[in-house]
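Below is one structure, written out as structure tokens; the observations come after it.
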Amino acid sequence: MKIAFVTGGGDCAGINSALARAVLHGAGQYGDTFVGIQKAFEGLAADDISAYAVDLTPQKALEFFDAPSTILGSSRFAPYNNASSGAAADKIKENLKKIGVDAIMATGGNDTVLSALGAHESGVQVIAVPKSIDNDISGTDWMLGAHTAIDAAARAFKSASVSAKTHSRISINEVMGRKAGWLAFFSGTASGADFILVPEKTFQLQSLIQDVKQRFDQQGYVNIVASEGMNINPNDPVYKQAVSDNADDLVLKAMLTEKPETDPHGNIKLGGIGMILQRILVGGMNVKMSLVRQSNVGFTLRGLHPNAYDVNLGQRFGRKAVELLHAGESGYMVGVHGMNIRTVPMKEALPQFTLNAMDEDELVSLGVYF
């Protein structure tokens, strides 16, 4: 069997571990050959597929099994759910036939799994491997990259908290998380955050301002962790004042009213909630900007060297994916539940996995604010 790899969406730790083990297991157990497709489905739909195809051997796999990010590059090209790129579906099948590929192993998050489902429904044999530092896909306890990102974010946020305590400041730490706050929750809890702001939970900005001030008065510093997708209600009185004609902070107004970009899947490109919160707290507490510091680890968490958990999980996922392909399966995603690697229909994996699955009393007691 000849298997092609595509690695779509945001990069993260553990992807290369999955590819490497798939190569080592498939070649050793079944005599499979492997080709990596650069730039994911965009490369797979290119006019000249040979320019994007990279042969992957067991020798190469041993060299990159614990490398960060993805050796194949990535893109957010949407060949099956974007009306403007419908012709790409036929091109993909044509290209797979041209280079003699029998099946695909696709690593990615919600959007890549959706594209993999489209490939499956078009007659291509495909198995998906979940990866995302947001850990926001259903059917698996963990996605590749989440553990490594949480470890690094927790260290960074603890460092910021220590500095905030030393200088009697308020520290705001922005982290990724579009619709799910797992990364903020786990890294915030691990770094002793006073307030953890996540997309799943809403609150009044004035209440946050008052509670942050009270905590600052009590302990002399505050540590806040915020997901980039944290929601601000447009009917919130503080928001309405901030975007009004008589707004006091014109920089804040510009940030709140800026029209966001979207990617090919229709997702809004996020980032900047830390700066927005900084200015809201400065104005609401009537303090100097230097008292409230903000940082954004953002893409720093994507290109990290994988920790042992993600190297191991990646290898387990890669091996299972090869086994499923040789069993003739398609349209499934691998996942982990407890200690066991499981198989999940792609359609069941697509719904967002969020903190709403958690007990609210536990969330509140650990710092999630709502």
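So you can find residues: chains in the structure tokens are A, B, ... in the order shown, residues in each start at 1, and ligands are numbered from 1 in order.
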
**Item:** Those of segment 26-155 of chain A in DSSP strand (DSSP E), formatted as an MDAnalysis selection string
**Value:** chainID A and resid 33:37 53:56 103:108 125:130

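If you count only C-alpha atoms and ignore residues fewer than 6 places along the chain from segment 51-66 of chain A, what sits within 6 Å of it is Asn16, Ser17, Ala20, Val23, Leu24, Phe34, Val35, Gly36, Ile37, Gln38 and Gly43 of chain A.
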
Would you write out those residues with all heavy atoms, as a PDB file, in the first residue's frame?
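Contents of the output file result-v4.pdb:
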```pdb
ATOM      1  N   ASN A  16       4.886  15.119  13.719  1.00  0.00           N
ATOM      2  CA  ASN A  16       5.944  14.328  13.095  1.00  0.00           C
ATOM      3  C   ASN A  16       6.109  12.957  13.737  1.00  0.00           C
ATOM      4  O   ASN A  16       6.521  11.994  13.078  1.00  0.00           O
ATOM      5  CB  ASN A  16       7.264  15.096  13.141  1.00  0.00           C
ATOM      6  CG  ASN A  16       7.230  16.345  12.274  1.00  0.00           C
ATOM      7  OD1 ASN A  16       6.655  16.341  11.193  1.00  0.00           O
ATOM      8  ND2 ASN A  16       7.825  17.415  12.765  1.00  0.00           N
ATOM      9  N   SER A  17       5.769  12.856  15.005  1.00  0.00           N
ATOM     10  CA  SER A  17       5.836  11.565  15.690  1.00  0.00           C
ATOM     11  C   SER A  17       4.821  10.594  15.107  1.00  0.00           C
ATOM     12  O   SER A  17       5.102   9.401  14.945  1.00  0.00           O
ATOM     13  CB  SER A  17       5.588  11.746  17.192  1.00  0.00           C
ATOM     14  OG  SER A  17       6.554  12.603  17.765  1.00  0.00           O
ATOM     15  N   ALA A  20       6.123   9.581  11.610  1.00  0.00           N
ATOM     16  CA  ALA A  20       7.277   8.685  11.702  1.00  0.00           C
ATOM     17  C   ALA A  20       6.869   7.267  12.079  1.00  0.00           C
ATOM     18  O   ALA A  20       7.330   6.284  11.471  1.00  0.00           O
ATOM     19  CB  ALA A  20       8.281   9.235  12.710  1.00  0.00           C
ATOM     20  N   VAL A  23       5.206   5.450   9.226  1.00  0.00           N
ATOM     21  CA  VAL A  23       6.194   4.977   8.254  1.00  0.00           C
ATOM     22  C   VAL A  23       6.906   3.720   8.774  1.00  0.00           C
ATOM     23  O   VAL A  23       7.015   2.709   8.064  1.00  0.00           O
ATOM     24  CB  VAL A  23       7.229   6.076   7.944  1.00  0.00           C
ATOM     25  CG1 VAL A  23       8.378   5.510   7.104  1.00  0.00           C
ATOM     26  CG2 VAL A  23       6.569   7.245   7.215  1.00  0.00           C
ATOM     27  N   LEU A  24       7.378   3.778  10.011  1.00  0.00           N
ATOM     28  CA  LEU A  24       8.126   2.650  10.577  1.00  0.00           C
ATOM     29  C   LEU A  24       7.252   1.413  10.700  1.00  0.00           C
ATOM     30  O   LEU A  24       7.674   0.294  10.370  1.00  0.00           O
ATOM     31  CB  LEU A  24       8.685   3.042  11.945  1.00  0.00           C
ATOM     32  CG  LEU A  24       9.764   4.137  11.927  1.00  0.00           C
ATOM     33  CD1 LEU A  24      10.064   4.606  13.350  1.00  0.00           C
ATOM     34  CD2 LEU A  24      11.039   3.617  11.266  1.00  0.00           C
ATOM     35  N   PHE A  34       5.558   5.409   1.505  1.00  0.00           N
ATOM     36  CA  PHE A  34       4.898   6.623   1.995  1.00  0.00           C
ATOM     37  C   PHE A  34       5.377   7.860   1.253  1.00  0.00           C
ATOM     38  O   PHE A  34       6.546   7.957   0.872  1.00  0.00           O
ATOM     39  CB  PHE A  34       5.172   6.802   3.495  1.00  0.00           C
ATOM     40  CG  PHE A  34       4.601   5.707   4.345  1.00  0.00           C
ATOM     41  CD1 PHE A  34       5.306   4.531   4.548  1.00  0.00           C
ATOM     42  CD2 PHE A  34       3.354   5.836   4.921  1.00  0.00           C
ATOM     43  CE1 PHE A  34       4.773   3.506   5.318  1.00  0.00           C
ATOM     44  CE2 PHE A  34       2.810   4.824   5.693  1.00  0.00           C
ATOM     45  CZ  PHE A  34       3.522   3.654   5.892  1.00  0.00           C
ATOM     46  N   VAL A  35       4.456   8.801   1.084  1.00  0.00           N
ATOM     47  CA  VAL A  35       4.782  10.081   0.481  1.00  0.00           C
ATOM     48  C   VAL A  35       4.119  11.186   1.301  1.00  0.00           C
ATOM     49  O   VAL A  35       2.946  11.084   1.681  1.00  0.00           O
ATOM     50  CB  VAL A  35       4.335  10.136  -1.000  1.00  0.00           C
ATOM     51  CG1 VAL A  35       2.834   9.901  -1.135  1.00  0.00           C
ATOM     52  CG2 VAL A  35       4.729  11.450  -1.641  1.00  0.00           C
ATOM     53  N   GLY A  36       4.877  12.214   1.608  1.00  0.00           N
ATOM     54  CA  GLY A  36       4.318  13.368   2.300  1.00  0.00           C
ATOM     55  C   GLY A  36       3.921  14.419   1.276  1.00  0.00           C
ATOM     56  O   GLY A  36       4.653  14.658   0.309  1.00  0.00           O
ATOM     57  N   ILE A  37       2.774  15.046   1.471  1.00  0.00           N
ATOM     58  CA  ILE A  37       2.297  16.087   0.575  1.00  0.00           C
ATOM     59  C   ILE A  37       2.448  17.437   1.263  1.00  0.00           C
ATOM     60  O   ILE A  37       1.786  17.711   2.272  1.00  0.00           O
ATOM     61  CB  ILE A  37       0.821  15.870   0.174  1.00  0.00           C
ATOM     62  CG1 ILE A  37       0.630  14.459  -0.393  1.00  0.00           C
ATOM     63  CG2 ILE A  37       0.398  16.929  -0.836  1.00  0.00           C
ATOM     64  CD1 ILE A  37       1.431  14.146  -1.628  1.00  0.00           C
ATOM     65  N   GLN A  38       3.350  18.249   0.743  1.00  0.00           N
ATOM     66  CA  GLN A  38       3.569  19.560   1.337  1.00  0.00           C
ATOM     67  C   GLN A  38       2.342  20.466   1.154  1.00  0.00           C
ATOM     68  O   GLN A  38       1.652  20.392   0.151  1.00  0.00           O
ATOM     69  CB  GLN A  38       4.802  20.212   0.724  1.00  0.00           C
ATOM     70  CG  GLN A  38       6.090  19.445   1.003  1.00  0.00           C
ATOM     71  CD  GLN A  38       7.292  20.022   0.295  1.00  0.00           C
ATOM     72  OE1 GLN A  38       7.190  20.557  -0.795  1.00  0.00           O
ATOM     73  NE2 GLN A  38       8.459  19.899   0.924  1.00  0.00           N
ATOM     74  N   GLY A  43      -1.560  21.379  -1.523  1.00  0.00           N
ATOM     75  CA  GLY A  43      -0.587  20.664  -2.346  1.00  0.00           C
ATOM     76  C   GLY A  43      -1.209  19.500  -3.074  1.00  0.00           C
ATOM     77  O   GLY A  43      -0.859  19.201  -4.224  1.00  0.00           O
TER      78      GLY A  43
END
```

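Counting only C-alpha atoms, Gly100 of chain A has the following residues at most 12 Å away, ignoring those fewer than 4 positions along the same chain: A:Met1, A:Lys2, A:Ile3, A:Ala4, A:Thr33, A:Phe34, A:Val35, A:Ile49, A:Ser50, A:Ala53, A:Lys93, A:Glu94, A:Asn95, A:Leu96, A:Ile104.
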
Output file for the selection above: all heavy atoms, as a CSV table (one decimal), in the first residue's frame:
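Here's the written file out38.csv:
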```csv
chain,number,residue,atom,x,y,z
A,1,MET,N,0.8,-1.2,0.0
A,1,MET,CA,0.0,0.0,0.0
A,1,MET,C,0.9,1.2,0.0
A,1,MET,O,1.9,1.3,0.7
A,1,MET,CB,-0.9,0.0,1.2
A,1,MET,CG,-1.8,1.2,1.4
A,1,MET,SD,-2.9,1.2,2.8
A,1,MET,CE,-4.2,0.1,2.2
A,2,LYS,N,0.5,2.3,-0.8
A,2,LYS,CA,1.2,3.5,-0.8
A,2,LYS,C,0.3,4.5,-0.1
A,2,LYS,O,-0.8,4.8,-0.5
A,2,LYS,CB,1.5,4.0,-2.2
A,2,LYS,CG,2.4,5.3,-2.2
A,2,LYS,CD,2.9,5.6,-3.6
A,2,LYS,CE,3.8,6.8,-3.6
A,2,LYS,NZ,4.3,7.2,-4.9
A,3,ILE,N,0.8,5.1,1.0
A,3,ILE,CA,0.0,6.0,1.8
A,3,ILE,C,0.6,7.5,1.7
A,3,ILE,O,1.8,7.7,1.8
A,3,ILE,CB,0.0,5.6,3.3
A,3,ILE,CG1,-0.6,4.1,3.4
A,3,ILE,CG2,-0.7,6.5,4.2
A,3,ILE,CD1,-0.4,3.5,4.8
A,4,ALA,N,-0.3,8.4,1.6
A,4,ALA,CA,0.1,9.8,1.6
A,4,ALA,C,-0.3,10.5,2.9
A,4,ALA,O,-1.3,10.2,3.5
A,4,ALA,CB,-0.6,10.6,0.4
A,33,THR,N,4.8,1.9,1.3
A,33,THR,CA,5.6,3.1,1.0
A,33,THR,C,4.8,4.3,1.3
A,33,THR,O,3.6,4.3,1.4
A,33,THR,CB,6.0,3.1,-0.5
A,33,THR,OG1,4.8,3.0,-1.3
A,33,THR,CG2,6.9,1.9,-0.8
A,34,PHE,N,5.6,5.4,1.5
A,34,PHE,CA,4.9,6.6,2.0
A,34,PHE,C,5.4,7.9,1.3
A,34,PHE,O,6.5,8.0,0.9
A,34,PHE,CB,5.2,6.8,3.5
A,34,PHE,CG,4.6,5.7,4.3
A,34,PHE,CD1,5.3,4.5,4.5
A,34,PHE,CD2,3.4,5.8,4.9
A,34,PHE,CE1,4.8,3.5,5.3
A,34,PHE,CE2,2.8,4.8,5.7
A,34,PHE,CZ,3.5,3.7,5.9
A,35,VAL,N,4.5,8.8,1.1
A,35,VAL,CA,4.8,10.1,0.5
A,35,VAL,C,4.1,11.2,1.3
A,35,VAL,O,2.9,11.1,1.7
A,35,VAL,CB,4.3,10.1,-1.0
A,35,VAL,CG1,2.8,9.9,-1.1
A,35,VAL,CG2,4.7,11.5,-1.6
A,49,ILE,N,1.5,18.0,-8.9
A,49,ILE,CA,1.6,17.3,-7.6
A,49,ILE,C,3.0,16.9,-7.3
A,49,ILE,O,3.4,16.8,-6.1
A,49,ILE,CB,0.6,16.1,-7.6
A,49,ILE,CG1,0.6,15.4,-6.2
A,49,ILE,CG2,1.0,15.1,-8.7
A,49,ILE,CD1,0.1,16.2,-5.1
A,50,SER,N,3.8,16.6,-8.3
A,50,SER,CA,5.2,16.2,-8.1
A,50,SER,C,6.0,17.2,-7.3
A,50,SER,O,7.0,16.9,-6.7
A,50,SER,CB,5.9,15.8,-9.4
A,50,SER,OG,6.0,16.9,-10.2
A,53,ALA,N,5.2,16.5,-3.6
A,53,ALA,CA,5.3,15.2,-3.0
A,53,ALA,C,6.8,14.9,-2.6
A,53,ALA,O,7.7,15.1,-3.3
A,53,ALA,CB,4.9,14.1,-4.1
A,93,LYS,N,-8.4,13.6,-6.5
A,93,LYS,CA,-8.5,12.2,-6.9
A,93,LYS,C,-7.6,11.9,-8.1
A,93,LYS,O,-6.9,10.8,-8.2
A,93,LYS,CB,-9.9,11.8,-7.3
A,93,LYS,CG,-10.8,11.9,-6.1
A,93,LYS,CD,-12.3,11.4,-6.4
A,93,LYS,CE,-12.3,10.0,-6.6
A,93,LYS,NZ,-13.8,9.5,-6.8
A,94,GLU,N,-7.5,12.8,-9.0
A,94,GLU,CA,-6.6,12.7,-10.2
A,94,GLU,C,-5.2,12.6,-9.8
A,94,GLU,O,-4.4,11.8,-10.3
A,94,GLU,CB,-6.9,13.9,-11.1
A,94,GLU,CG,-6.0,13.9,-12.4
A,94,GLU,CD,-6.1,15.2,-13.2
A,94,GLU,OE1,-7.2,15.7,-13.2
A,94,GLU,OE2,-5.1,15.7,-13.7
A,95,ASN,N,-4.8,13.5,-8.9
A,95,ASN,CA,-3.4,13.5,-8.4
A,95,ASN,C,-3.0,12.3,-7.6
A,95,ASN,O,-1.9,11.8,-7.8
A,95,ASN,CB,-3.1,14.8,-7.6
A,95,ASN,CG,-2.9,16.0,-8.4
A,95,ASN,OD1,-2.6,15.9,-9.6
A,95,ASN,ND2,-3.2,17.2,-7.8
A,96,LEU,N,-3.9,11.8,-6.8
A,96,LEU,CA,-3.6,10.6,-6.0
A,96,LEU,C,-3.4,9.4,-7.0
A,96,LEU,O,-2.5,8.6,-6.8
A,96,LEU,CB,-4.8,10.3,-5.1
A,96,LEU,CG,-5.0,11.2,-3.9
A,96,LEU,CD1,-6.3,10.9,-3.2
A,96,LEU,CD2,-3.8,11.1,-3.0
A,104,ILE,N,-5.0,8.0,2.4
A,104,ILE,CA,-4.4,9.2,3.0
A,104,ILE,C,-4.5,9.1,4.5
A,104,ILE,O,-5.5,8.5,5.1
A,104,ILE,CB,-5.2,10.4,2.6
A,104,ILE,CG1,-5.1,10.7,1.1
A,104,ILE,CG2,-4.8,11.7,3.4
A,104,ILE,CD1,-6.0,11.8,0.6
```

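Non-sequential neighbours of Ile150 of chain A (distance at most 10 Å, separation of 2 or more positions within a chain, only C-alpha atoms) are Ile133, Asp134, Gly145, Ala146, His147, Thr148, Ala152, Ala153, Ala154, Arg155, Ala156, Val175, Trp182, Leu183, Ala184, Phe185, Phe186, Ser187, Gly188, Ala190 and Leu301 of chain A.
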
Resulting file, chosen residues, N, CA and C atoms, as a tab-separated table (two decimals), in the first residue's frame:
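Contents of the output file result_27.tsv:
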```
chain	number	residue	atom	x	y	z
A	133	ILE	N	-3.50	22.44	19.67
A	133	ILE	CA	-3.21	22.86	21.04
A	133	ILE	C	-4.49	23.28	21.76
A	134	ASP	N	-5.57	23.53	21.01
A	134	ASP	CA	-6.86	23.87	21.63
A	134	ASP	C	-7.56	22.66	22.23
A	145	GLY	N	-0.27	17.82	20.58
A	145	GLY	CA	0.18	19.19	20.79
A	145	GLY	C	-0.35	19.86	22.04
A	146	ALA	N	-1.49	19.39	22.56
A	146	ALA	CA	-2.10	20.07	23.70
A	146	ALA	C	-1.24	19.97	24.95
A	147	HIS	N	-0.74	18.78	25.25
A	147	HIS	CA	0.07	18.61	26.46
A	147	HIS	C	1.33	19.46	26.43
A	148	THR	N	2.02	19.46	25.29
A	148	THR	CA	3.24	20.26	25.16
A	148	THR	C	2.94	21.74	25.33
A	152	ALA	N	4.30	24.46	28.39
A	152	ALA	CA	5.04	25.69	28.10
A	152	ALA	C	4.27	26.92	28.56
A	153	ALA	N	2.97	26.94	28.32
A	153	ALA	CA	2.16	28.09	28.72
A	153	ALA	C	2.15	28.25	30.24
A	154	ALA	N	2.05	27.15	30.95
A	154	ALA	CA	2.03	27.21	32.41
A	154	ALA	C	3.33	27.79	32.95
A	155	ARG	N	4.46	27.41	32.36
A	155	ARG	CA	5.74	27.96	32.80
A	155	ARG	C	5.81	29.46	32.52
A	156	ALA	N	5.35	29.86	31.33
A	156	ALA	CA	5.39	31.28	30.98
A	156	ALA	C	4.49	32.11	31.88
A	175	VAL	N	-3.78	33.46	25.50
A	175	VAL	CA	-3.41	32.17	24.95
A	175	VAL	C	-4.45	31.79	23.90
A	182	TRP	N	-9.79	24.95	26.87
A	182	TRP	CA	-8.97	23.95	27.55
A	182	TRP	C	-7.55	24.44	27.83
A	183	LEU	N	-6.94	25.08	26.84
A	183	LEU	CA	-5.56	25.53	27.00
A	183	LEU	C	-5.46	26.59	28.10
A	184	ALA	N	-6.40	27.53	28.11
A	184	ALA	CA	-6.41	28.55	29.16
A	184	ALA	C	-6.69	27.92	30.52
A	185	PHE	N	-7.62	26.98	30.54
A	185	PHE	CA	-8.00	26.35	31.81
A	185	PHE	C	-6.83	25.59	32.43
A	186	PHE	N	-6.23	24.69	31.67
A	186	PHE	CA	-5.16	23.86	32.23
A	186	PHE	C	-3.89	24.67	32.51
A	187	SER	N	-3.53	25.58	31.63
A	187	SER	CA	-2.32	26.38	31.88
A	187	SER	C	-2.58	27.41	32.98
A	188	GLY	N	-3.80	27.93	33.04
A	188	GLY	CA	-4.13	28.87	34.09
A	188	GLY	C	-4.15	28.22	35.46
A	190	ALA	N	-2.54	25.51	36.30
A	190	ALA	CA	-1.18	25.08	36.63
A	190	ALA	C	-0.29	26.25	37.03
A	301	LEU	N	3.55	28.62	21.17
A	301	LEU	CA	3.16	27.28	21.62
A	301	LEU	C	2.99	26.30	20.46
```

Contact table segment 92-204 of chain A vs segment 215-223 of chain A, cut-off 7 Å, shortest pair per residue, only C-alpha atoms, as a Markdown table:
```
| residue | atom | partner | partner_atom | distance |
| --- | --- | --- | --- | --- |
| A:Ser161 | CA | A:Asn223 | CA | 5.5 |
| A:Ala164 | CA | A:Tyr221 | CA | 5.9 |
| A:Lys165 | CA | A:Tyr221 | CA | 5.2 |
| A:Ser168 | CA | A:Tyr221 | CA | 4.9 |
| A:Arg169 | CA | A:Tyr221 | CA | 5.0 |
| A:Ile170 | CA | A:Val222 | CA | 4.6 |
| A:Ser171 | CA | A:Asn223 | CA | 5.0 |
| A:Ile172 | CA | A:Asn223 | CA | 6.4 |
| A:Ala193 | CA | A:Asn223 | CA | 5.0 |
| A:Asp194 | CA | A:Asn223 | CA | 5.3 |
| A:Phe195 | CA | A:Asn223 | CA | 6.8 |
```

Need to verify the contact set: Met230 of chain A, 7 Å, only C-alpha atoms, exclusion of same-chain residues closer than 6 positions in sequence. Can you return it as a PDB file with N, CA, C and O atoms, in the first residue's frame?
```pdb
ATOM      1  N   LEU A 197     -10.342  33.309  31.835  1.00  0.00           N
ATOM      2  CA  LEU A 197     -11.429  33.779  30.976  1.00  0.00           C
ATOM      3  C   LEU A 197     -11.464  32.909  29.718  1.00  0.00           C
ATOM      4  O   LEU A 197     -10.476  32.839  28.983  1.00  0.00           O
ATOM      5  N   VAL A 198     -12.597  32.261  29.476  1.00  0.00           N
ATOM      6  CA  VAL A 198     -12.687  31.268  28.403  1.00  0.00           C
ATOM      7  C   VAL A 198     -13.872  31.571  27.480  1.00  0.00           C
ATOM      8  O   VAL A 198     -14.827  32.252  27.886  1.00  0.00           O
ATOM      9  N   PRO A 199     -13.853  31.047  26.242  1.00  0.00           N
ATOM     10  CA  PRO A 199     -14.941  31.334  25.285  1.00  0.00           C
ATOM     11  C   PRO A 199     -16.302  30.808  25.717  1.00  0.00           C
ATOM     12  O   PRO A 199     -17.328  31.375  25.336  1.00  0.00           O
TER      13      PRO A 199
END
```

Residue contacts of Ala45 of chain A (8 Å, only C-alpha atoms) excluding same-chain residues fewer than 2 positions away, as a PDB file with all heavy atoms, in the first residue's frame:
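Writing done, so here's out_20.pdb:
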```pdb
ATOM      1  N   PHE A  41      -3.902  19.819   1.838  1.00  0.00           N
ATOM      2  CA  PHE A  41      -4.838  19.646   0.724  1.00  0.00           C
ATOM      3  C   PHE A  41      -4.573  20.640  -0.410  1.00  0.00           C
ATOM      4  O   PHE A  41      -4.923  20.371  -1.560  1.00  0.00           O
ATOM      5  CB  PHE A  41      -6.278  19.773   1.223  1.00  0.00           C
ATOM      6  CG  PHE A  41      -6.753  18.569   1.976  1.00  0.00           C
ATOM      7  CD1 PHE A  41      -6.757  18.555   3.363  1.00  0.00           C
ATOM      8  CD2 PHE A  41      -7.182  17.436   1.302  1.00  0.00           C
ATOM      9  CE1 PHE A  41      -7.189  17.439   4.063  1.00  0.00           C
ATOM     10  CE2 PHE A  41      -7.623  16.314   1.992  1.00  0.00           C
ATOM     11  CZ  PHE A  41      -7.622  16.314   3.375  1.00  0.00           C
ATOM     12  N   GLU A  42      -3.941  21.751  -0.102  1.00  0.00           N
ATOM     13  CA  GLU A  42      -3.565  22.691  -1.157  1.00  0.00           C
ATOM     14  C   GLU A  42      -2.555  22.048  -2.100  1.00  0.00           C
ATOM     15  O   GLU A  42      -2.670  22.163  -3.328  1.00  0.00           O
ATOM     16  CB  GLU A  42      -2.990  23.967  -0.547  1.00  0.00           C
ATOM     17  CG  GLU A  42      -2.592  25.007  -1.574  1.00  0.00           C
ATOM     18  CD  GLU A  42      -2.049  26.278  -0.947  1.00  0.00           C
ATOM     19  OE1 GLU A  42      -2.282  26.504   0.265  1.00  0.00           O
ATOM     20  OE2 GLU A  42      -1.393  27.042  -1.668  1.00  0.00           O
ATOM     21  N   GLY A  43      -1.560  21.379  -1.523  1.00  0.00           N
ATOM     22  CA  GLY A  43      -0.587  20.664  -2.346  1.00  0.00           C
ATOM     23  C   GLY A  43      -1.209  19.500  -3.074  1.00  0.00           C
ATOM     24  O   GLY A  43      -0.859  19.201  -4.224  1.00  0.00           O
ATOM     25  N   ASP A  47      -1.682  21.779  -9.479  1.00  0.00           N
ATOM     26  CA  ASP A  47      -1.567  21.360 -10.879  1.00  0.00           C
ATOM     27  C   ASP A  47      -0.383  20.405 -11.079  1.00  0.00           C
ATOM     28  O   ASP A  47      -0.472  19.463 -11.862  1.00  0.00           O
ATOM     29  CB  ASP A  47      -1.406  22.581 -11.788  1.00  0.00           C
ATOM     30  CG  ASP A  47      -2.681  23.396 -11.887  1.00  0.00           C
ATOM     31  OD1 ASP A  47      -3.773  22.807 -11.718  1.00  0.00           O
ATOM     32  OD2 ASP A  47      -2.589  24.616 -12.116  1.00  0.00           O
ATOM     33  N   ILE A  49       1.501  17.993  -8.918  1.00  0.00           N
ATOM     34  CA  ILE A  49       1.584  17.303  -7.632  1.00  0.00           C
ATOM     35  C   ILE A  49       3.012  16.890  -7.308  1.00  0.00           C
ATOM     36  O   ILE A  49       3.406  16.831  -6.137  1.00  0.00           O
ATOM     37  CB  ILE A  49       0.635  16.063  -7.618  1.00  0.00           C
ATOM     38  CG1 ILE A  49       0.645  15.386  -6.248  1.00  0.00           C
ATOM     39  CG2 ILE A  49       1.019  15.085  -8.705  1.00  0.00           C
ATOM     40  CD1 ILE A  49       0.118  16.226  -5.131  1.00  0.00           C
ATOM     41  N   PRO A  79     -10.945  22.185   0.249  1.00  0.00           N
ATOM     42  CA  PRO A  79     -11.382  21.684  -1.058  1.00  0.00           C
ATOM     43  C   PRO A  79     -12.803  21.141  -1.112  1.00  0.00           C
ATOM     44  O   PRO A  79     -13.370  21.000  -2.192  1.00  0.00           O
ATOM     45  CB  PRO A  79     -10.372  20.575  -1.354  1.00  0.00           C
ATOM     46  CG  PRO A  79      -9.963  20.081  -0.009  1.00  0.00           C
ATOM     47  CD  PRO A  79      -9.959  21.297   0.876  1.00  0.00           C
ATOM     48  N   ALA A  88     -11.433  21.366  -6.914  1.00  0.00           N
ATOM     49  CA  ALA A  88     -10.252  20.765  -6.297  1.00  0.00           C
ATOM     50  C   ALA A  88     -10.479  19.307  -5.922  1.00  0.00           C
ATOM     51  O   ALA A  88      -9.539  18.508  -5.911  1.00  0.00           O
ATOM     52  CB  ALA A  88      -9.855  21.559  -5.058  1.00  0.00           C
ATOM     53  N   ALA A  89     -11.724  18.940  -5.607  1.00  0.00           N
ATOM     54  CA  ALA A  89     -12.017  17.560  -5.211  1.00  0.00           C
ATOM     55  C   ALA A  89     -11.650  16.577  -6.325  1.00  0.00           C
ATOM     56  O   ALA A  89     -11.038  15.530  -6.075  1.00  0.00           O
ATOM     57  CB  ALA A  89     -13.490  17.425  -4.843  1.00  0.00           C
ATOM     58  N   LYS A  91      -9.533  17.185  -8.733  1.00  0.00           N
ATOM     59  CA  LYS A  91      -8.089  17.273  -8.930  1.00  0.00           C
ATOM     60  C   LYS A  91      -7.339  16.408  -7.924  1.00  0.00           C
ATOM     61  O   LYS A  91      -6.322  15.778  -8.256  1.00  0.00           O
ATOM     62  CB  LYS A  91      -7.640  18.734  -8.798  1.00  0.00           C
ATOM     63  CG  LYS A  91      -6.192  18.977  -9.214  1.00  0.00           C
ATOM     64  CD  LYS A  91      -5.984  18.761 -10.693  1.00  0.00           C
ATOM     65  CE  LYS A  91      -4.571  19.115 -11.119  1.00  0.00           C
ATOM     66  NZ  LYS A  91      -4.355  18.890 -12.562  1.00  0.00           N
ATOM     67  N   ILE A  92      -7.840  16.346  -6.708  1.00  0.00           N
ATOM     68  CA  ILE A  92      -7.208  15.525  -5.674  1.00  0.00           C
ATOM     69  C   ILE A  92      -7.234  14.049  -6.063  1.00  0.00           C
ATOM     70  O   ILE A  92      -6.217  13.347  -5.978  1.00  0.00           O
ATOM     71  CB  ILE A  92      -7.898  15.757  -4.314  1.00  0.00           C
ATOM     72  CG1 ILE A  92      -7.513  17.133  -3.760  1.00  0.00           C
ATOM     73  CG2 ILE A  92      -7.533  14.651  -3.318  1.00  0.00           C
ATOM     74  CD1 ILE A  92      -8.253  17.522  -2.507  1.00  0.00           C
ATOM     75  N   ASN A  95      -4.771  13.492  -8.859  1.00  0.00           N
ATOM     76  CA  ASN A  95      -3.370  13.524  -8.412  1.00  0.00           C
ATOM     77  C   ASN A  95      -2.989  12.280  -7.627  1.00  0.00           C
ATOM     78  O   ASN A  95      -1.867  11.767  -7.750  1.00  0.00           O
ATOM     79  CB  ASN A  95      -3.128  14.766  -7.561  1.00  0.00           C
ATOM     80  CG  ASN A  95      -2.946  16.020  -8.388  1.00  0.00           C
ATOM     81  OD1 ASN A  95      -2.592  15.943  -9.571  1.00  0.00           O
ATOM     82  ND2 ASN A  95      -3.186  17.173  -7.791  1.00  0.00           N
TER      83      ASN A  95
END
```

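Within the 9 Å cut-off around Asn233 of chain A, using only C-alpha atoms and omitting residues fewer than 2 positions from it on the same chain, the listed residues are Thr202, Phe203, Gln204, Leu205, Asn231, Asn235, Asp236, Pro237 and Tyr239 of chain A.
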
Those residues you just picked out, can you put them in a file as a PDB file, in the first residue's frame with C-alpha atoms?
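Output file again-v9.pdb follows:
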```
ATOM      1  CA  THR A 202     -19.801  34.911  29.724  1.00  0.00           C
ATOM      2  CA  PHE A 203     -19.663  37.627  32.353  1.00  0.00           C
ATOM      3  CA  GLN A 204     -20.179  41.355  32.866  1.00  0.00           C
ATOM      4  CA  LEU A 205     -17.083  43.462  32.263  1.00  0.00           C
ATOM      5  CA  ASN A 231     -16.541  36.604  24.388  1.00  0.00           C
ATOM      6  CA  ASN A 235     -24.778  44.771  24.934  1.00  0.00           C
ATOM      7  CA  ASP A 236     -22.409  44.982  27.901  1.00  0.00           C
ATOM      8  CA  PRO A 237     -22.537  48.557  29.285  1.00  0.00           C
ATOM      9  CA  TYR A 239     -18.452  47.666  25.815  1.00  0.00           C
TER      10      TYR A 239
END
```

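Between Arg293 of chain A and the candidates A:Thr354, A:Thr262, A:Ser163, A:Asn312, the tightest atom-to-atom separation, counting only C-alpha atoms, involves A:Ser163.
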
**Request:** Could you give me, as a ChimeraX atom specification, each residue of segment 228-320 of chain A that DSSP assigns to helix (DSSP H, G or I) when run on this structure's backbone?
**Result:** /A:237-242,250-257,273-285,289-291,298-301,308-320
